[in-house]
Amino acid sequence: MTFQGVNPPAGRLRVFGGQVAAQALVAAGRTVDPSRTVHSLHGYFVRAGEESAPITYRVENIRDGRSFSVRRSVAEQDGRTIFFMSASFHRAEPGLDHADEMPTGLPGPDDVPTMAERLAPFPKLLEEWNRMPRAIDVRYLSGAGFASPGERPVEENQRAWLRVDGTLPDDPLVHACALTFCSDLTLLDAVLSRHGKVWGKGGFIGASLDHALWFHRPFRADEWFLYDCTSPSASGARGLARGRMFTEDGRLIATAVQEGLLRRVGG
């Protein structure tokens with residue numbers, strides 16, 4: 001089956017990778033029995049997408065078994081593949097249950113600065129942020145990659161509270177796609193956090209290479225969740241980052257892993 005995605009006018013030259021992954025997932029999910037929910041996805045970013053052109057998503061039915069359905073979703077723009085994904089859907093069944101505990105002693109979302117407050121010292125960034133559609137409310141608990149060079153502390157964890165800035169319908173696939181979008185927002189920044197480095201002039205430019213996401217428990221993406229990200233390794237201009245997502249009441253709902261390309265830019 002074939003679907004077409006719409007690019008929101010974000011004022012970027014490149015389409016945000018999380019958007020492409022989310023749209024690829026919703027295309028795949030629309031071909032699956034609604035009783036089966038997505039439990040994992042694995043995607044590769046092949047080339048940058050352009051905001052000015054529509055994106056076509058072609059979905060291949062790999063298998064429908066008794067408990068699982070597998071789909072391959074390919075995003076194309078101007079006849080060229082920009083992203084492809086494998087996604088697996090599972091019919092819920094009983095089994096073992098355990099999970100990592102949520103980090104303790106952290107401030108809640110109402111106790112940390114909003115993005116507008118974070119960006120107040122950076123008028124150009126704040127002006128750009130005010131022009132863009134703001135579908136996601138992001139609230140960093142500590143330093144972030146938009147700081148000035150030399151002013152970001154070295155931190156092992158990159159943590160932020162996130163939620164969709166509005167109310168979503170009850171469709172679990174919609175919430176899974178929104179979480180997929182969010183999973184690409186702050187994850188790669190954990191690589192820079194380990195070194196106290198920043199994005200842009202005097203820091204680094206980056207691009208997502210591949211992305212994997214596992215969904216563990218039911219959730220709502222329009223309710224606050226903690227994105228706790230770390231980077232176990234960086235070498236050869238590539239950095240690996242992993243993130244855990246917890247609801248406010250401490251349930252582990254998803255885990256993400258991503259490798260990105262990180263190249264130093266001049267001052």
# chains A, B, ... in the order shown; residues from 1 in each chain; ligands from 1
>>> residues_around(residues="segment 149-156 of chain A", least_positions_apart="4", cutoff="9 Å", atoms="only C-alpha atoms", output="ChimeraX atom specification")
/A:142-145,190-203,229-231,267
>>> write_last_selection(atoms="all heavy atoms", output="short mmCIF file (atom, residue, chain, number, x, y, z; two decimals), in the first residue's frame")
data_model
loop_
_atom_site.label_atom_id
_atom_site.label_comp_id
_atom_site.auth_asym_id
_atom_site.auth_seq_id
_atom_site.Cartn_x
_atom_site.Cartn_y
_atom_site.Cartn_z
N SER A 142 18.69 19.80 32.59
CA SER A 142 20.05 20.33 32.80
C SER A 142 20.50 21.00 31.52
O SER A 142 19.70 21.58 30.79
CB SER A 142 21.00 19.20 33.21
OG SER A 142 20.95 18.14 32.28
N GLY A 143 21.79 20.91 31.21
CA GLY A 143 22.32 21.57 30.03
C GLY A 143 21.78 20.98 28.75
O GLY A 143 21.31 19.86 28.70
N ALA A 144 21.85 21.78 27.68
CA ALA A 144 21.38 21.34 26.37
C ALA A 144 22.35 21.82 25.30
O ALA A 144 23.16 22.72 25.53
CB ALA A 144 19.97 21.87 26.10
N GLY A 145 22.24 21.22 24.12
CA GLY A 145 23.20 21.46 23.06
C GLY A 145 23.13 22.80 22.39
O GLY A 145 23.96 23.10 21.52
N ALA A 190 22.82 13.46 23.83
CA ALA A 190 23.50 12.78 24.94
C ALA A 190 24.96 12.51 24.62
O ALA A 190 25.80 12.44 25.52
CB ALA A 190 22.78 11.47 25.28
N VAL A 191 25.29 12.35 23.33
CA VAL A 191 26.70 12.14 22.94
C VAL A 191 27.51 13.39 23.25
O VAL A 191 28.60 13.33 23.83
CB VAL A 191 26.80 11.78 21.45
CG1 VAL A 191 28.25 11.53 21.07
CG2 VAL A 191 25.95 10.55 21.13
N LEU A 192 26.98 14.55 22.88
CA LEU A 192 27.67 15.81 23.16
C LEU A 192 27.73 16.10 24.65
O LEU A 192 28.72 16.67 25.14
CB LEU A 192 26.97 16.97 22.44
CG LEU A 192 26.92 16.92 20.91
CD1 LEU A 192 26.34 18.22 20.37
CD2 LEU A 192 28.29 16.66 20.32
N SER A 193 26.70 15.69 25.37
CA SER A 193 26.66 15.96 26.81
C SER A 193 27.83 15.33 27.53
O SER A 193 28.36 15.90 28.50
CB SER A 193 25.33 15.44 27.38
OG SER A 193 25.24 15.69 28.77
N ARG A 194 28.27 14.16 27.09
CA ARG A 194 29.40 13.48 27.73
C ARG A 194 30.68 14.30 27.64
O ARG A 194 31.62 14.09 28.41
CB ARG A 194 29.62 12.11 27.07
CG ARG A 194 28.59 11.05 27.42
CD ARG A 194 28.81 10.51 28.83
NE ARG A 194 30.10 9.87 29.00
CZ ARG A 194 30.33 8.57 28.85
NH1 ARG A 194 29.32 7.78 28.50
NH2 ARG A 194 31.53 8.07 29.04
N HIS A 195 30.75 15.24 26.68
CA HIS A 195 31.96 16.03 26.46
C HIS A 195 31.74 17.52 26.73
O HIS A 195 32.66 18.33 26.53
CB HIS A 195 32.45 15.84 25.03
CG HIS A 195 32.78 14.41 24.70
ND1 HIS A 195 34.04 13.88 24.83
CD2 HIS A 195 31.98 13.40 24.26
CE1 HIS A 195 34.02 12.60 24.48
NE2 HIS A 195 32.78 12.28 24.13
N GLY A 196 30.53 17.89 27.12
CA GLY A 196 30.25 19.31 27.33
C GLY A 196 30.25 20.10 26.04
O GLY A 196 30.52 21.30 26.05
N LYS A 197 29.94 19.46 24.91
CA LYS A 197 29.96 20.11 23.61
C LYS A 197 28.56 20.53 23.19
O LYS A 197 27.55 20.11 23.77
CB LYS A 197 30.57 19.18 22.56
CG LYS A 197 32.00 18.72 22.88
CD LYS A 197 32.95 19.91 22.99
CE LYS A 197 34.38 19.45 23.26
NZ LYS A 197 35.32 20.60 23.39
N VAL A 198 28.51 21.37 22.15
CA VAL A 198 27.24 21.96 21.72
C VAL A 198 27.07 21.78 20.21
O VAL A 198 27.99 21.39 19.50
CB VAL A 198 27.18 23.45 22.08
CG1 VAL A 198 27.27 23.65 23.59
CG2 VAL A 198 28.29 24.24 21.36
N TRP A 199 25.86 22.11 19.75
CA TRP A 199 25.56 22.09 18.32
C TRP A 199 25.89 23.43 17.69
O TRP A 199 25.81 24.47 18.33
CB TRP A 199 24.07 21.79 18.09
CG TRP A 199 23.60 20.49 18.64
CD1 TRP A 199 22.79 20.30 19.73
CD2 TRP A 199 23.89 19.18 18.12
NE1 TRP A 199 22.56 18.96 19.93
CE2 TRP A 199 23.22 18.25 18.96
CE3 TRP A 199 24.63 18.71 17.05
CZ2 TRP A 199 23.29 16.88 18.73
CZ3 TRP A 199 24.70 17.34 16.82
CH2 TRP A 199 24.03 16.45 17.66
N GLY A 200 26.26 23.41 16.42
CA GLY A 200 26.43 24.65 15.68
C GLY A 200 27.83 25.21 15.72
O GLY A 200 28.81 24.50 15.99
N LYS A 201 27.95 26.51 15.45
CA LYS A 201 29.24 27.18 15.36
C LYS A 201 30.04 26.97 16.64
O LYS A 201 29.54 27.18 17.74
CB LYS A 201 29.03 28.67 15.12
CG LYS A 201 30.32 29.45 14.93
CD LYS A 201 30.06 30.91 14.67
CE LYS A 201 29.37 31.11 13.33
NZ LYS A 201 29.25 32.57 13.00
N GLY A 202 31.28 26.54 16.46
CA GLY A 202 32.13 26.25 17.61
C GLY A 202 31.86 24.90 18.23
O GLY A 202 32.46 24.56 19.26
N GLY A 203 30.98 24.12 17.62
CA GLY A 203 30.63 22.81 18.17
C GLY A 203 30.56 21.77 17.07
O GLY A 203 31.51 21.56 16.33
N CYS A 229 18.54 9.94 28.72
CA CYS A 229 19.43 9.53 27.64
C CYS A 229 20.89 9.51 28.08
O CYS A 229 21.33 10.39 28.83
CB CYS A 229 19.28 10.47 26.45
SG CYS A 229 17.60 10.58 25.80
N THR A 230 21.63 8.53 27.60
CA THR A 230 23.06 8.41 27.85
C THR A 230 23.76 8.00 26.56
O THR A 230 23.11 7.60 25.59
CB THR A 230 23.37 7.35 28.93
OG1 THR A 230 22.86 6.07 28.48
CG2 THR A 230 22.73 7.71 30.26
N SER A 231 25.10 8.10 26.57
CA SER A 231 25.88 7.68 25.40
C SER A 231 26.98 6.73 25.85
O SER A 231 27.94 7.15 26.51
CB SER A 231 26.50 8.89 24.69
OG SER A 231 27.36 8.47 23.64
N GLY A 267 34.63 27.68 14.39
CA GLY A 267 34.03 28.76 15.18
C GLY A 267 33.67 29.94 14.32
O GLY A 267 33.15 30.93 14.78
#
>>> select_by_dssp(residues="segment 29-238 of chain A", states="strand (DSSP E or B)", output="number ranges by chain")
A: 36-45, 50, 55-64, 68-77, 80-91, 136-140, 158-164, 199, 204-215, 225-235, 238
>>> select_by_dssp(residues="segment 46-193 of chain A", states="alpha helix (DSSP H)", output="count of residues only")
31
>>> residues_around(residues="Arg36 of chain A", least_positions_apart="5", cutoff="7 Å", atoms="only C-alpha atoms", output="PyMOL selection string")
chain A and resi 89-91
>>> write_last_selection(atoms="all heavy atoms", output="PDB file, in the first residue's frame")
ATOM      1  N   PHE A  89       4.434  -5.758  15.031  1.00  0.00           N
ATOM      2  CA  PHE A  89       3.227  -5.525  15.826  1.00  0.00           C
ATOM      3  C   PHE A  89       2.837  -6.832  16.507  1.00  0.00           C
ATOM      4  O   PHE A  89       2.942  -7.906  15.913  1.00  0.00           O
ATOM      5  CB  PHE A  89       2.090  -5.034  14.926  1.00  0.00           C
ATOM      6  CG  PHE A  89       2.399  -3.755  14.191  1.00  0.00           C
ATOM      7  CD1 PHE A  89       3.235  -3.765  13.069  1.00  0.00           C
ATOM      8  CD2 PHE A  89       1.863  -2.551  14.608  1.00  0.00           C
ATOM      9  CE1 PHE A  89       3.521  -2.594  12.380  1.00  0.00           C
ATOM     10  CE2 PHE A  89       2.142  -1.372  13.925  1.00  0.00           C
ATOM     11  CZ  PHE A  89       2.980  -1.398  12.820  1.00  0.00           C
ATOM     12  N   HIS A  90       2.351  -6.718  17.750  1.00  0.00           N
ATOM     13  CA  HIS A  90       2.122  -7.906  18.571  1.00  0.00           C
ATOM     14  C   HIS A  90       0.736  -7.855  19.199  1.00  0.00           C
ATOM     15  O   HIS A  90       0.295  -6.809  19.686  1.00  0.00           O
ATOM     16  CB  HIS A  90       3.198  -7.962  19.668  1.00  0.00           C
ATOM     17  CG  HIS A  90       3.107  -9.154  20.568  1.00  0.00           C
ATOM     18  ND1 HIS A  90       3.470  -9.112  21.897  1.00  0.00           N
ATOM     19  CD2 HIS A  90       2.690 -10.430  20.340  1.00  0.00           C
ATOM     20  CE1 HIS A  90       3.292 -10.298  22.441  1.00  0.00           C
ATOM     21  NE2 HIS A  90       2.819 -11.117  21.512  1.00  0.00           N
ATOM     22  N   ARG A  91       0.079  -8.994  19.186  1.00  0.00           N
ATOM     23  CA  ARG A  91      -1.184  -9.134  19.920  1.00  0.00           C
ATOM     24  C   ARG A  91      -0.857  -9.351  21.390  1.00  0.00           C
ATOM     25  O   ARG A  91      -0.096 -10.245  21.749  1.00  0.00           O
ATOM     26  CB  ARG A  91      -1.985 -10.323  19.378  1.00  0.00           C
ATOM     27  CG  ARG A  91      -3.273 -10.620  20.149  1.00  0.00           C
ATOM     28  CD  ARG A  91      -4.019 -11.800  19.543  1.00  0.00           C
ATOM     29  NE  ARG A  91      -3.177 -12.972  19.389  1.00  0.00           N
ATOM     30  CZ  ARG A  91      -2.859 -13.809  20.404  1.00  0.00           C
ATOM     31  NH1 ARG A  91      -3.312 -13.579  21.630  1.00  0.00           N
ATOM     32  NH2 ARG A  91      -2.092 -14.868  20.170  1.00  0.00           N
TER      33      ARG A  91
END
>>> closest_residue(among="A:Leu173, A:Ala221, A:Leu25, A:Leu262", to="Ile205 of chain A", atoms="only C-alpha atoms")
A:Leu262
>>> closest_residue(among="A:His42, A:Arg80, A:Arg238, A:Arg14", to="Val257 of chain A", atoms="only C-alpha atoms")
A:His42
>>> closest_residue(among="A:Leu179, A:Met115, A:Val6, A:Val20", to="Phe225 of chain A", atoms="only C-alpha atoms")
A:Leu179
>>> atom_distance(atom1="atom CA of Phe45 of chain A", atom2="atom CA of Ala207 of chain A")
8.7 Å
>>> residues_around(residues="segment 130-134 of chain A", least_positions_apart="2", cutoff="8 Å", atoms="only C-alpha atoms", output="JSON, numbers by chain")
{"A": [8, 9, 10, 11, 126, 127, 128, 136, 137, 165]}
>>> decode(residues="segment 168-231 of chain A", atoms="C-alpha atoms", output="mmCIF file, in the first residue's frame")
data_model
loop_
_atom_site.group_PDB
_atom_site.id
_atom_site.type_symbol
_atom_site.label_atom_id
_atom_site.label_comp_id
_atom_site.auth_asym_id
_atom_site.auth_seq_id
_atom_site.Cartn_x
_atom_site.Cartn_y
_atom_site.Cartn_z
ATOM 1 C CA LEU A 168 -4.451 13.298 21.078
ATOM 2 C CA PRO A 169 -7.207 10.834 20.133
ATOM 3 C CA ASP A 170 -7.238 7.522 21.984
ATOM 4 C CA ASP A 171 -5.808 5.521 19.056
ATOM 5 C CA PRO A 172 -2.668 3.723 20.425
ATOM 6 C CA LEU A 173 -1.005 3.942 16.996
ATOM 7 C CA VAL A 174 -1.239 7.737 17.068
ATOM 8 C CA HIS A 175 0.452 7.810 20.478
ATOM 9 C CA ALA A 176 3.158 5.397 19.288
ATOM 10 C CA CYS A 177 3.865 7.622 16.283
ATOM 11 C CA ALA A 178 3.999 10.725 18.473
ATOM 12 C CA LEU A 179 6.454 8.980 20.791
ATOM 13 C CA THR A 180 8.531 7.980 17.757
ATOM 14 C CA PHE A 181 8.696 11.639 16.754
ATOM 15 C CA CYS A 182 9.756 12.613 20.282
ATOM 16 C CA SER A 183 12.393 9.873 20.463
ATOM 17 C CA ASP A 184 14.527 11.699 17.887
ATOM 18 C CA LEU A 185 14.412 15.106 19.607
ATOM 19 C CA THR A 186 17.031 14.944 22.378
ATOM 20 C CA LEU A 187 18.629 11.512 22.061
ATOM 21 C CA LEU A 188 21.750 12.311 20.023
ATOM 22 C CA ASP A 189 22.465 15.295 22.252
ATOM 23 C CA ALA A 190 23.497 12.782 24.940
ATOM 24 C CA VAL A 191 26.696 12.139 22.943
ATOM 25 C CA LEU A 192 27.670 15.811 23.158
ATOM 26 C CA SER A 193 26.656 15.960 26.809
ATOM 27 C CA ARG A 194 29.395 13.480 27.728
ATOM 28 C CA HIS A 195 31.956 16.032 26.462
ATOM 29 C CA GLY A 196 30.245 19.306 27.332
ATOM 30 C CA LYS A 197 29.963 20.107 23.611
ATOM 31 C CA VAL A 198 27.244 21.955 21.720
ATOM 32 C CA TRP A 199 25.555 22.086 18.320
ATOM 33 C CA GLY A 200 26.428 24.649 15.675
ATOM 34 C CA LYS A 201 29.238 27.180 15.362
ATOM 35 C CA GLY A 202 32.130 26.250 17.607
ATOM 36 C CA GLY A 203 30.632 22.805 18.169
ATOM 37 C CA PHE A 204 29.232 19.995 16.033
ATOM 38 C CA ILE A 205 26.751 19.237 13.311
ATOM 39 C CA GLY A 206 24.995 15.885 13.390
ATOM 40 C CA ALA A 207 22.726 13.553 11.480
ATOM 41 C CA SER A 208 20.862 10.422 12.523
ATOM 42 C CA LEU A 209 22.143 7.260 10.859
ATOM 43 C CA ASP A 210 19.843 4.608 12.290
ATOM 44 C CA HIS A 211 17.182 4.465 14.967
ATOM 45 C CA ALA A 212 15.545 1.687 16.966
ATOM 46 C CA LEU A 213 12.651 1.939 19.386
ATOM 47 C CA TRP A 214 10.965 -0.649 21.614
ATOM 48 C CA PHE A 215 7.545 -0.044 23.171
ATOM 49 C CA HIS A 216 7.080 -1.792 26.516
ATOM 50 C CA ARG A 217 3.809 -0.656 28.105
ATOM 51 C CA PRO A 218 0.685 1.353 27.257
ATOM 52 C CA PHE A 219 1.079 5.131 27.508
ATOM 53 C CA ARG A 220 -0.238 8.473 26.331
ATOM 54 C CA ALA A 221 2.179 10.738 24.471
ATOM 55 C CA ASP A 222 0.133 13.776 25.509
ATOM 56 C CA GLU A 223 1.074 13.148 29.143
ATOM 57 C CA TRP A 224 4.502 13.969 30.582
ATOM 58 C CA PHE A 225 7.255 11.387 30.249
ATOM 59 C CA LEU A 226 10.916 11.547 31.244
ATOM 60 C CA TYR A 227 13.455 10.896 28.486
ATOM 61 C CA ASP A 228 16.628 9.715 30.238
ATOM 62 C CA CYS A 229 19.430 9.529 27.638
ATOM 63 C CA THR A 230 23.061 8.406 27.853
ATOM 64 C CA SER A 231 25.883 7.680 25.404
#
